[in-house]
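So this block is structure_22.csv, CSV, C-alpha atoms:
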chain,number,residue,atom,x,y,z
H,132,MET,CA,0.0,0.0,0.0
H,133,GLY,CA,1.4,3.3,-1.0
H,134,TYR,CA,1.2,6.2,1.5
H,135,THR,CA,1.1,9.8,0.5
H,136,VAL,CA,1.5,12.5,3.1
H,137,GLY,CA,-1.8,14.3,3.6
H,138,ASP,CA,-4.0,11.5,2.3
H,139,VAL,CA,-7.0,10.8,4.6
H,140,ILE,CA,-7.0,7.0,4.7
H,141,ALA,CA,-10.0,6.4,6.9
H,142,GLU,CA,-12.8,8.3,8.5
H,143,ARG,CA,-15.6,7.1,10.6
H,144,THR,CA,-18.2,8.2,13.2
H,145,VAL,CA,-18.8,5.7,16.0
H,146,HIS,CA,-21.9,6.0,18.1
H,147,LEU,CA,-21.2,5.1,21.8
H,148,THR,CA,-23.9,4.2,24.2
H,149,ARG,CA,-23.8,3.1,27.9
H,150,GLU,CA,-24.0,-0.5,26.5
H,151,SER,CA,-20.7,0.2,24.6
H,152,LEU,CA,-19.0,1.1,27.9
H,153,VAL,CA,-20.3,-1.9,29.8
H,154,ARG,CA,-19.2,-4.1,26.9
H,155,TYR,CA,-15.7,-2.6,26.9
H,156,ALA,CA,-15.6,-2.9,30.7
H,157,GLY,CA,-16.3,-6.6,30.4
H,158,ALA,CA,-13.9,-7.2,27.5
H,159,SER,CA,-11.0,-5.3,29.0
H,160,GLY,CA,-11.5,-6.0,32.7
H,161,ASP,CA,-11.6,-2.3,33.5
H,162,PHE,CA,-14.5,-2.0,35.9
H,163,ASN,CA,-13.9,1.5,37.2
H,164,PRO,CA,-17.4,2.6,38.1
H,165,ILE,CA,-17.0,6.1,36.6
H,166,HIS,CA,-17.6,4.3,33.3
H,167,TYR,CA,-21.1,3.1,34.1
H,168,ARG,CA,-22.4,4.7,37.3
H,169,ASP,CA,-23.7,8.2,37.3
H,170,ASP,CA,-23.6,8.5,41.1
H,171,VAL,CA,-20.0,7.6,41.3
H,172,ALA,CA,-19.0,9.9,38.4
H,173,ALA,CA,-20.8,12.7,40.1
H,174,SER,CA,-19.2,12.0,43.5
H,175,VAL,CA,-15.8,12.5,42.0
H,176,GLY,CA,-16.8,15.7,40.3
H,177,LEU,CA,-17.1,14.5,36.7
H,178,PRO,CA,-19.7,15.9,34.3
H,179,GLY,CA,-21.1,12.5,33.7
H,180,VAL,CA,-20.2,8.9,33.0
H,181,LEU,CA,-17.1,8.8,30.8
H,182,ALA,CA,-16.0,6.4,28.1
H,183,HIS,CA,-12.8,4.6,29.0
H,184,GLY,CA,-9.8,6.4,27.5
H,185,MET,CA,-8.6,3.0,26.3
H,186,LEU,CA,-11.9,2.5,24.5
H,187,THR,CA,-11.4,5.7,22.6
H,188,MET,CA,-7.9,4.7,21.8
H,189,GLY,CA,-9.0,1.3,20.7
H,190,ILE,CA,-11.7,2.6,18.4
H,191,ALA,CA,-9.3,4.9,16.7
H,192,SER,CA,-6.9,2.1,15.9
H,193,SER,CA,-9.8,-0.1,14.7
H,194,VAL,CA,-10.7,2.6,12.1
H,195,VAL,CA,-7.1,2.7,10.9
H,196,VAL,CA,-6.5,-1.1,10.9
H,197,ALA,CA,-9.7,-1.6,8.8
H,198,ALA,CA,-8.3,0.7,6.1
H,199,LEU,CA,-4.8,-0.8,6.0
H,200,GLU,CA,-3.7,-3.8,3.9
H,201,PRO,CA,-4.7,-6.9,6.0
H,202,GLY,CA,-1.0,-7.9,6.6
H,203,ALA,CA,0.2,-4.5,7.5
H,204,LYS,CA,2.7,-4.5,10.4
H,205,ILE,CA,2.0,-1.9,13.1
H,206,LEU,CA,5.2,-0.8,14.8
H,207,ASP,CA,3.9,1.5,17.5
H,208,TYR,CA,0.8,3.4,18.6
H,209,GLY,CA,0.5,6.2,21.1
H,210,VAL,CA,-1.9,8.8,22.4
H,211,ARG,CA,-2.3,11.5,25.0
H,212,PHE,CA,-5.7,11.7,26.6
H,213,THR,CA,-6.9,15.3,26.8
H,214,LYS,CA,-10.7,15.6,27.1
H,215,PRO,CA,-13.1,13.1,28.5
H,216,VAL,CA,-15.9,11.7,26.4
H,217,VAL,CA,-19.2,12.0,28.3
H,218,VAL,CA,-21.7,9.4,27.3
H,219,ASP,CA,-25.3,10.5,27.9
H,220,PRO,CA,-27.5,7.7,29.2
H,221,GLU,CA,-30.2,8.4,26.6
H,222,THR,CA,-28.4,9.9,23.6
H,223,GLY,CA,-25.0,8.4,23.9
H,224,ALA,CA,-22.0,10.1,22.3
H,225,ASP,CA,-20.7,10.3,18.7
H,226,LEU,CA,-16.9,9.9,18.4
H,227,HIS,CA,-15.5,11.1,15.1
H,228,VAL,CA,-12.2,9.5,13.9
H,229,SER,CA,-10.1,10.6,10.9
H,230,ALA,CA,-6.8,9.2,10.0
H,231,THR,CA,-4.3,11.1,7.8
H,232,VAL,CA,-0.9,10.1,6.6
H,233,GLY,CA,1.5,12.4,8.5
H,234,VAL,CA,5.0,11.3,7.6
H,235,VAL,CA,6.5,8.7,5.4
H,236,ASP,CA,10.1,7.5,5.4
H,237,GLU,CA,12.0,4.5,4.2
H,238,THR,CA,10.8,2.2,6.9
H,239,ALA,CA,7.4,3.5,8.1
H,240,ALA,CA,4.4,5.6,7.6
H,241,ARG,CA,3.0,7.6,10.5
H,242,ILE,CA,-0.8,7.8,10.5
H,243,ASP,CA,-2.0,10.8,12.5
H,244,LEU,CA,-5.4,10.4,14.1
H,245,LYS,CA,-7.8,13.2,14.9
H,246,VAL,CA,-10.5,12.0,17.3
H,247,THR,CA,-13.2,14.5,18.3
H,248,PHE,CA,-16.3,14.4,20.4
H,249,ASP,CA,-18.7,17.3,20.4
H,250,GLU,CA,-16.2,19.4,18.3
H,251,ALA,CA,-13.5,18.9,20.9
H,252,THR,CA,-10.3,17.0,20.3
H,253,VAL,CA,-10.2,14.1,22.8
H,254,LEU,CA,-6.8,12.5,21.9
H,255,VAL,CA,-3.7,14.5,21.0
H,256,LYS,CA,-0.5,13.3,19.5
H,257,ALA,CA,-2.4,10.2,18.5
H,258,GLN,CA,0.0,8.5,16.1
H,259,LEU,CA,0.2,5.0,14.7
H,260,ARG,CA,3.2,3.9,12.8
H,261,VAL,CA,3.0,1.1,10.2
H,262,ALA,CA,5.9,-0.5,8.4
H,263,VAL,CA,6.1,0.2,4.7
D,141,MET,CA,5.1,11.1,45.6
D,142,ASN,CA,7.6,8.4,46.4
D,143,GLN,CA,10.7,9.0,44.2
D,144,ASP,CA,12.1,5.7,45.3
D,145,LEU,CA,9.7,4.1,42.9
D,146,VAL,CA,11.8,5.1,39.9
D,147,GLY,CA,13.7,2.1,38.6
D,148,ARG,CA,11.6,-0.3,40.6
D,149,GLU,CA,10.9,-3.6,38.7
D,150,LEU,CA,7.9,-5.7,39.7
D,151,PRO,CA,7.9,-9.5,39.5
D,152,PRO,CA,6.4,-11.0,36.3
D,153,THR,CA,2.6,-11.4,36.2
D,154,ALA,CA,1.1,-14.9,36.1
D,155,PRO,CA,0.9,-16.1,32.5
D,156,TYR,CA,-2.2,-14.9,30.7
D,157,LEU,CA,-3.6,-17.3,28.0
D,158,VAL,CA,-5.1,-15.3,25.2
D,159,GLY,CA,-8.4,-17.0,24.2
D,160,ARG,CA,-10.0,-16.9,20.8
D,161,GLU,CA,-13.4,-15.8,22.1
D,162,LYS,CA,-11.7,-13.2,24.3
D,163,VAL,CA,-10.0,-11.7,21.3
D,164,ARG,CA,-13.4,-11.7,19.5
D,165,GLU,CA,-15.1,-10.1,22.5
D,166,PHE,CA,-12.4,-7.4,22.7
D,167,ALA,CA,-12.6,-6.8,19.0
D,168,ARG,CA,-16.3,-6.3,19.1
D,169,ALA,CA,-15.9,-3.9,22.1
D,170,VAL,CA,-13.5,-1.6,20.3
D,171,PHE,CA,-15.5,-1.8,17.0
D,172,ALA,CA,-12.6,-3.6,15.3
D,173,ASP,CA,-14.1,-5.0,12.1
D,174,ALA,CA,-11.1,-6.1,10.2
D,175,PRO,CA,-11.6,-9.9,9.5
D,176,GLN,CA,-8.3,-11.1,11.1
D,177,HIS,CA,-9.7,-10.2,14.6
D,178,THR,CA,-12.6,-12.6,14.4
D,179,ASP,CA,-12.2,-14.9,11.4
D,180,VAL,CA,-9.7,-17.7,12.0
D,181,GLU,CA,-9.3,-18.4,8.3
D,182,ALA,CA,-8.7,-14.8,7.5
D,183,ALA,CA,-6.0,-14.7,10.2
D,184,ARG,CA,-4.4,-17.9,8.9
D,185,ALA,CA,-4.3,-16.5,5.4
D,186,LEU,CA,-2.1,-13.8,6.8
D,187,GLY,CA,0.2,-16.4,8.4
D,188,PHE,CA,-1.0,-16.2,12.0
D,189,ASP,CA,-2.0,-19.3,13.9
D,190,ASP,CA,-5.3,-17.9,15.1
D,191,VAL,CA,-7.3,-14.7,15.4
D,192,VAL,CA,-5.2,-11.5,15.8
D,193,ALA,CA,-5.9,-9.2,18.8
D,194,PRO,CA,-6.6,-5.5,18.1
D,195,PRO,CA,-3.5,-3.3,18.9
D,196,THR,CA,-4.8,-2.1,22.2
D,197,PHE,CA,-5.5,-5.6,23.6
D,198,ALA,CA,-2.1,-5.4,25.3
D,199,ILE,CA,-3.7,-3.2,27.9
D,200,VAL,CA,-5.4,-6.3,29.4
D,201,ILE,CA,-2.0,-7.7,30.4
D,202,GLN,CA,-0.5,-4.3,31.2
D,203,ASP,CA,-3.4,-3.7,33.5
D,204,HIS,CA,-2.3,-6.7,35.6
D,205,THR,CA,1.1,-5.0,36.0
D,206,LEU,CA,-0.5,-1.7,36.9
D,207,GLN,CA,-2.6,-3.4,39.6
D,208,GLN,CA,0.6,-4.7,41.1
D,209,LEU,CA,2.0,-1.2,41.1
D,210,LEU,CA,-1.1,0.3,42.8
D,211,ALA,CA,-1.0,-2.5,45.4
D,212,LEU,CA,2.5,-1.6,46.5
D,213,PRO,CA,2.3,-0.3,50.1
D,214,ASP,CA,4.6,2.6,49.2
D,215,SER,CA,3.3,3.5,45.7
D,216,GLY,CA,1.5,6.7,46.9
D,217,ILE,CA,-0.8,6.3,43.9
D,218,VAL,CA,-4.4,6.9,45.0
D,219,LEU,CA,-6.8,5.7,42.3
D,220,ALA,CA,-9.5,8.3,43.0
D,221,ARG,CA,-6.9,11.0,42.2
D,222,THR,CA,-5.4,9.2,39.2
D,223,ILE,CA,-5.9,10.0,35.5
D,224,HIS,CA,-4.6,8.0,32.6
D,225,ALA,CA,-2.7,10.8,30.8
D,226,GLU,CA,-0.8,9.0,28.1
D,227,GLN,CA,-0.5,5.5,26.6
D,228,ARG,CA,1.9,4.0,24.1
D,229,PHE,CA,2.6,0.5,22.6
D,230,ALA,CA,5.7,-0.6,20.8
D,231,TYR,CA,5.2,-3.9,19.0
D,232,THR,CA,7.5,-6.7,17.9
D,233,ARG,CA,4.5,-8.6,16.7
D,234,PRO,CA,0.7,-8.6,17.2
D,235,ILE,CA,-0.9,-10.7,20.0
D,236,VAL,CA,-2.6,-13.8,18.7
D,237,ALA,CA,-5.0,-16.2,20.3
D,238,GLY,CA,-3.1,-19.0,22.0
D,239,ASP,CA,-0.3,-16.7,23.2
D,240,GLU,CA,0.6,-17.1,26.8
D,241,LEU,CA,1.8,-13.7,27.9
D,242,THR,CA,3.6,-12.3,30.9
D,243,GLY,CA,4.1,-8.7,31.9
D,244,ARG,CA,6.9,-7.1,33.8
D,245,LEU,CA,6.5,-3.6,34.9
D,246,ARG,CA,9.3,-1.1,35.5
D,247,VAL,CA,8.8,2.5,36.8
D,248,THR,CA,10.8,4.6,34.5
D,249,GLY,CA,10.1,8.1,35.7
D,250,ILE,CA,8.3,10.4,38.0
D,251,ARG,CA,8.0,14.1,37.2
D,252,MET,CA,6.4,16.6,39.6
D,253,MET,CA,4.2,19.3,38.1
D,254,GLY,CA,2.8,21.6,40.7
D,255,GLY,CA,1.4,19.3,43.2
D,256,ASN,CA,0.7,16.6,40.6
D,257,ALA,CA,2.9,13.7,39.8
D,258,MET,CA,3.4,12.2,36.4
D,259,ILE,CA,4.4,8.5,36.7
D,260,THR,CA,5.7,6.7,33.7
D,261,SER,CA,5.9,2.9,33.7
D,262,GLU,CA,6.8,0.4,31.1
D,263,ALA,CA,5.3,-3.1,30.9
D,264,GLU,CA,7.4,-5.5,28.8
D,265,ILE,CA,5.1,-8.2,27.6
D,266,THR,CA,6.7,-11.5,26.5
D,267,ASP,CA,5.4,-14.8,25.2
D,268,ALA,CA,5.9,-18.3,26.7
D,269,SER,CA,9.2,-18.6,24.9
D,270,GLY,CA,10.4,-15.4,26.6
D,271,ALA,CA,10.3,-13.5,23.3
D,272,HIS,CA,9.3,-9.9,23.3
D,273,VAL,CA,5.8,-9.2,22.0
D,274,VAL,CA,5.0,-5.6,23.0
D,275,THR,CA,6.1,-2.9,25.4
D,276,ALA,CA,3.2,-0.9,26.9
D,277,THR,CA,4.0,2.4,28.4
D,278,SER,CA,1.5,4.4,30.6
D,279,VAL,CA,1.7,7.8,32.0
D,280,LEU,CA,-0.5,8.2,35.1
D,281,LEU,CA,-1.2,11.7,36.5
D,282,VAL,CA,-1.7,11.5,40.2
D,283,GLY,CA,-3.4,14.7,41.4
D,284,ALA,CA,-2.4,16.7,44.5
D,285,GLU,CA,-4.2,15.8,47.7
D,286,ASP,CA,-6.2,18.9,47.8
D,287,ASP,CA,-7.7,18.0,44.4
D,288,ALA,CA,-9.1,14.9,45.9
D,289,ASP,CA,-12.6,15.7,44.6
D,290,LYS,CA,-11.4,15.7,41.0
D,291,GLY,CA,-10.3,13.0,38.6
D,292,GLY,CA,-10.7,9.3,38.8
D,293,ALA,CA,-10.8,9.2,35.0
D,294,ALA,CA,-8.9,6.5,33.2

structure tokens encoding of this file:
Amino acid sequence: MGYTVGDVIAERTVHLTRESLVRYAGASGDFNPIHYRDDVAASVGLPGVLAHGMLTMGIASSVVVAALEPGAKILDYGVRFTKPVVVDPETGADLHVSATVGVVDETAARIDLKVTFDEATVLVKAQLRVAV
Amino acid sequence: MNQDLVGRELPPTAPYLVGREKVREFARAVFADAPQHTDVEAARALGFDDVVAPPTFAIVIQDHTLQQLLALPDSGIVLARTIHAEQRFAYTRPIVAGDELTGRLRVTGIRMMGGNAMITSEAEITDASGAHVVTATSVLLVGAEDDADKGGAA
């Protein structure tokens, strides 16, 4: 697969619900109650129940991997968590992911991820490098 | 914050056997729809023995190492004041169902910022043969004590 700097290789909006959070809690083993209990989230001063940061990170890489060649070798992947994703019990939350080729050299392409919720960027320096 | 933690290495976690249905369950949870995560034949066509875990699955094993860190009597890390600030993975190869994985955590740095502490730890994840699979690095931000009513997000 050829990579050209500036190309958007994938874009997707994922709708999260409370069920998504419970599902991720079970799959990952992260049962921190701020991800499913409004009372606990409120008691620690949060604006609501939050998506797991690792769920957001995991969704972002899923969007990229689906767009890569099936055998593509991922070298590394990193993010900084900046803003929480509040998941409303009734309306959920829409997470928008777009993946752009940032840098290409002899060995790797760096895919830069932009992940937003409610117009705000929730991951910064979200970069996944794939071998070329 | 306890600066003595820097350089501390924790004992290896008990071997974690990666199950095929666990990989499928995790893939579904992170909306990973590439076929190699759920379809054994698709994974085999790519040269893997079984379904391939999504890249962030390593957190499951890393989490066991972080639980060890939190349980240290002198860690000084209070979960209710801790935020997951940063996460990185460096892969030698993907995790595949059937792998038996062990994590070894090392605290690599503590940086104080105001009253907050940024704790960096690396979990080296190896397979049953001892070969490196992935290194998972976390930065945890532990808030100052007077911020006790904030945070808890991870």

Q) Between D:Ala198, D:Val170, D:Met141, D:Leu150, which one has atoms that come closest to Val153 in chain H, using all atoms listed in the file? A) D:Val170

Can you tell me which residues surround Arg168 in chain D at a distance of at most 12 Å, considering all atoms listed in the file, apart from same-chain residues fewer than 4 positions away, and format the answer as a JSON list (two decimals) with C-alpha atoms, keeping the file's coordinate frame?
[["chain", "number", "residue", "atom", "x", "y", "z"],
["H", 151, "SER", "CA", -20.70, 0.20, 24.60],
["H", 152, "LEU", "CA", -19.00, 1.10, 27.90],
["H", 154, "ARG", "CA", -19.20, -4.10, 26.90],
["H", 155, "TYR", "CA", -15.70, -2.60, 26.90],
["H", 157, "GLY", "CA", -16.30, -6.60, 30.40],
["H", 158, "ALA", "CA", -13.90, -7.20, 27.50],
["H", 159, "SER", "CA", -11.00, -5.30, 29.00],
["H", 186, "LEU", "CA", -11.90, 2.50, 24.50],
["H", 189, "GLY", "CA", -9.00, 1.30, 20.70],
["H", 190, "ILE", "CA", -11.70, 2.60, 18.40],
["H", 193, "SER", "CA", -9.80, -0.10, 14.70],
["D", 161, "GLU", "CA", -13.40, -15.80, 22.10],
["D", 162, "LYS", "CA", -11.70, -13.20, 24.30],
["D", 163, "VAL", "CA", -10.00, -11.70, 21.30],
["D", 164, "ARG", "CA", -13.40, -11.70, 19.50],
["D", 172, "ALA", "CA", -12.60, -3.60, 15.30],
["D", 173, "ASP", "CA", -14.10, -5.00, 12.10],
["D", 174, "ALA", "CA", -11.10, -6.10, 10.20],
["D", 175, "PRO", "CA", -11.60, -9.90, 9.50],
["D", 177, "HIS", "CA", -9.70, -10.20, 14.60],
["D", 178, "THR", "CA", -12.60, -12.60, 14.40],
["D", 193, "ALA", "CA", -5.90, -9.20, 18.80],
["D", 194, "PRO", "CA", -6.60, -5.50, 18.10],
["D", 197, "PHE", "CA", -5.50, -5.60, 23.60]]

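Using all atoms listed in the file, the shortest contact distance between Ala220 in chain D and any of D:Thr196, D:Asn142, D:Val282, D:Val158 is found at D:Val282.
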
**Q.** Distance in Å - CA of Leu199 in chain H versus CA of Leu147 in chain H
**A.**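 Rounded to one decimal, the two atoms are 23.5 Å apart.
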
Report as a tab-separated table the residues of range 155-203 of chain D within 10 Å of range 266-275 of chain D, each with its shortest atom pair and distance in Å (one decimal), using all atoms listed in the file, ordered by chain and increasing residue number.
residue	atom	partner	partner_atom	distance
D:Pro155	CA	D:Ala268	CA	8.0
D:Tyr156	CA	D:Asp267	CA	9.4
D:Leu157	CA	D:Ala268	CA	9.6
D:Pro195	CA	D:Val274	CA	9.7
D:Ala198	CA	D:Val274	CA	7.5
D:Gln202	CA	D:Thr275	CA	8.9

(Q) Would you compute the distance between CA of Thr231 in chain H and CA of Thr144 in chain H? Give it in Å to one decimal. (A)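 Interatomic distance, CA of Thr231 in chain H to CA of Thr144 in chain H: 15.2 Å.
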
Determine, using only C-alpha atoms, which residues of chain D have any atom at most 10 Å from an atom of chain H, and tabulate each with its shortest atom pair and distance in Å to one decimal place, rows ordered by chain and then rising number, as CSV.
residue,atom,partner,partner_atom,distance
D:Lys162,CA,H:Ala158,CA,7.1
D:Val163,CA,H:Ala158,CA,8.6
D:Arg164,CA,H:Ala158,CA,9.2
D:Glu165,CA,H:Ala158,CA,5.9
D:Phe166,CA,H:Ala158,CA,5.0
D:Ala167,CA,H:Ser193,CA,8.4
D:Arg168,CA,H:Arg154,CA,8.6
D:Ala169,CA,H:Tyr155,CA,5.0
D:Val170,CA,H:Ile190,CA,4.9
D:Phe171,CA,H:Ile190,CA,6.0
D:Ala172,CA,H:Ser193,CA,4.5
D:Asp173,CA,H:Ala197,CA,6.5
D:Ala174,CA,H:Ala197,CA,4.9
D:Pro175,CA,H:Pro201,CA,8.3
D:Gln176,CA,H:Pro201,CA,7.5
D:Ala182,CA,H:Pro201,CA,9.0
D:Ala183,CA,H:Pro201,CA,9.0
D:Ala185,CA,H:Gly202,CA,9.3
D:Leu186,CA,H:Gly202,CA,6.0
D:Gly187,CA,H:Gly202,CA,8.8
D:Phe188,CA,H:Gly202,CA,9.9
D:Pro194,CA,H:Ser193,CA,7.1
D:Pro195,CA,H:Ser192,CA,7.1
D:Thr196,CA,H:Gly189,CA,5.6
D:Phe197,CA,H:Ser159,CA,7.7
D:Ala198,CA,H:Ser159,CA,9.6
D:Ile199,CA,H:Ser159,CA,7.7
D:Val200,CA,H:Ser159,CA,5.7
D:Ile201,CA,H:Ser159,CA,9.4
D:Asp203,CA,H:Asp161,CA,8.3
D:His204,CA,H:Gly160,CA,9.7
D:Leu219,CA,H:Asn163,CA,9.7
D:Ala220,CA,H:Val175,CA,7.6
D:Arg221,CA,H:Val175,CA,9.0
D:Ile223,CA,H:Phe212,CA,9.1
D:His224,CA,H:Phe212,CA,7.1
D:Ala225,CA,H:Phe212,CA,5.2
D:Glu226,CA,H:Arg211,CA,4.3
D:Gln227,CA,H:Val210,CA,5.5
D:Arg228,CA,H:Gly209,CA,4.0
D:Phe229,CA,H:Tyr208,CA,5.3
D:Ala230,CA,H:Asp207,CA,4.3
D:Tyr231,CA,H:Leu206,CA,5.2
D:Thr232,CA,H:Leu206,CA,7.1
D:Arg233,CA,H:Lys204,CA,7.7
D:Pro234,CA,H:Ile205,CA,8.0
D:Val274,CA,H:Asp207,CA,9.0
D:Thr275,CA,H:Asp207,CA,9.3
D:Ala276,CA,H:Gly209,CA,9.6
D:Thr277,CA,H:Gly209,CA,8.9
D:Ser278,CA,H:Gly209,CA,9.7
D:Val279,CA,H:Arg211,CA,8.9
D:Ala288,CA,H:Val175,CA,8.1
D:Asp289,CA,H:Val175,CA,5.2
D:Lys290,CA,H:Gly176,CA,5.4
D:Gly291,CA,H:Val175,CA,6.5
D:Gly292,CA,H:Val175,CA,6.8
D:Ala293,CA,H:Ile165,CA,7.1
D:Ala294,CA,H:Gly184,CA,5.8

Q | Interatomic distance, CA of Thr238 in chain H to CA of Gly133 in chain H (Å, one decimal) | A |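 Spanning CA of Thr238 in chain H to CA of Gly133 in chain H is a straight-line distance of 12.3 Å.
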
Q. Can you tell me, as a list in words, what residues are no more than 6 Å from range 145-147 of chain D when counting only C-alpha atoms, ignoring any on the same chain fewer than 2 positions away?
A.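 Non-adjacent residues within range: Asn142, Gln143, Val247, Thr248 and Gly249 of chain D.
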
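Residues of protein, DNA or RNA having at least one counted atom within 12 Å of (10.4, 3.5, 1.6), given all atoms listed in the file, are Met132, Gly133, Tyr134, Thr135, Val234, Val235, Asp236, Glu237, Thr238, Ala239, Ala240, Val261, Ala262 and Val263 of chain H.
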
Q. How would you write as a PyMOL selection string the residues that get within 6 Å of (-22.9, 6.8, 26.5) in the file's frame, counting all atoms listed in the file?
A. chain H and resi 147-149+218-220+223-224

I'd like the box whose edges run along x, y and z of the file and which contains every listed atom of range 248-254 of chain D, padded by 6 Å per side; could you state its centre and edge lengths in Å, one decimal, as AutoDock Vina command-line options?
--center_x 6.8 --center_y 13.1 --center_z 37.6 --size_x 20.0 --size_y 29.0 --size_z 18.2

Q: Can you pull out every residue within 6 Å of Ala237 in chain D, counting only C-alpha atoms, but drop anything in the same chain fewer than 3 positions away, and send it as a VMD selection string?
A: chain D and resid 158 to 160 190 to 191

With C-alpha atoms retained, write the just-selected residues as a tab-separated table (two decimals), in the coordinates of the input.
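Result file is selection-v1.tsv:
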chain	number	residue	atom	x	y	z
D	158	VAL	CA	-5.10	-15.30	25.20
D	159	GLY	CA	-8.40	-17.00	24.20
D	160	ARG	CA	-10.00	-16.90	20.80
D	190	ASP	CA	-5.30	-17.90	15.10
D	191	VAL	CA	-7.30	-14.70	15.40

**Q.** Selection near Leu212 in chain D, 12 Å with only C-alpha atoms, sequence-local residues under 5 positions removed, as a list of chain:residue names
**A.** D:Asn142, D:Leu145, D:Arg148, D:Glu149, D:Leu150, D:Pro151, D:Thr205, D:Leu206, D:Gln207, D:Ile217, D:Val218

Q | Which of H:Thr222, H:Val232, H:Phe162, H:Val216 sits closest to Glu250 in chain H [using all atoms listed in the file] | A | H:Val216
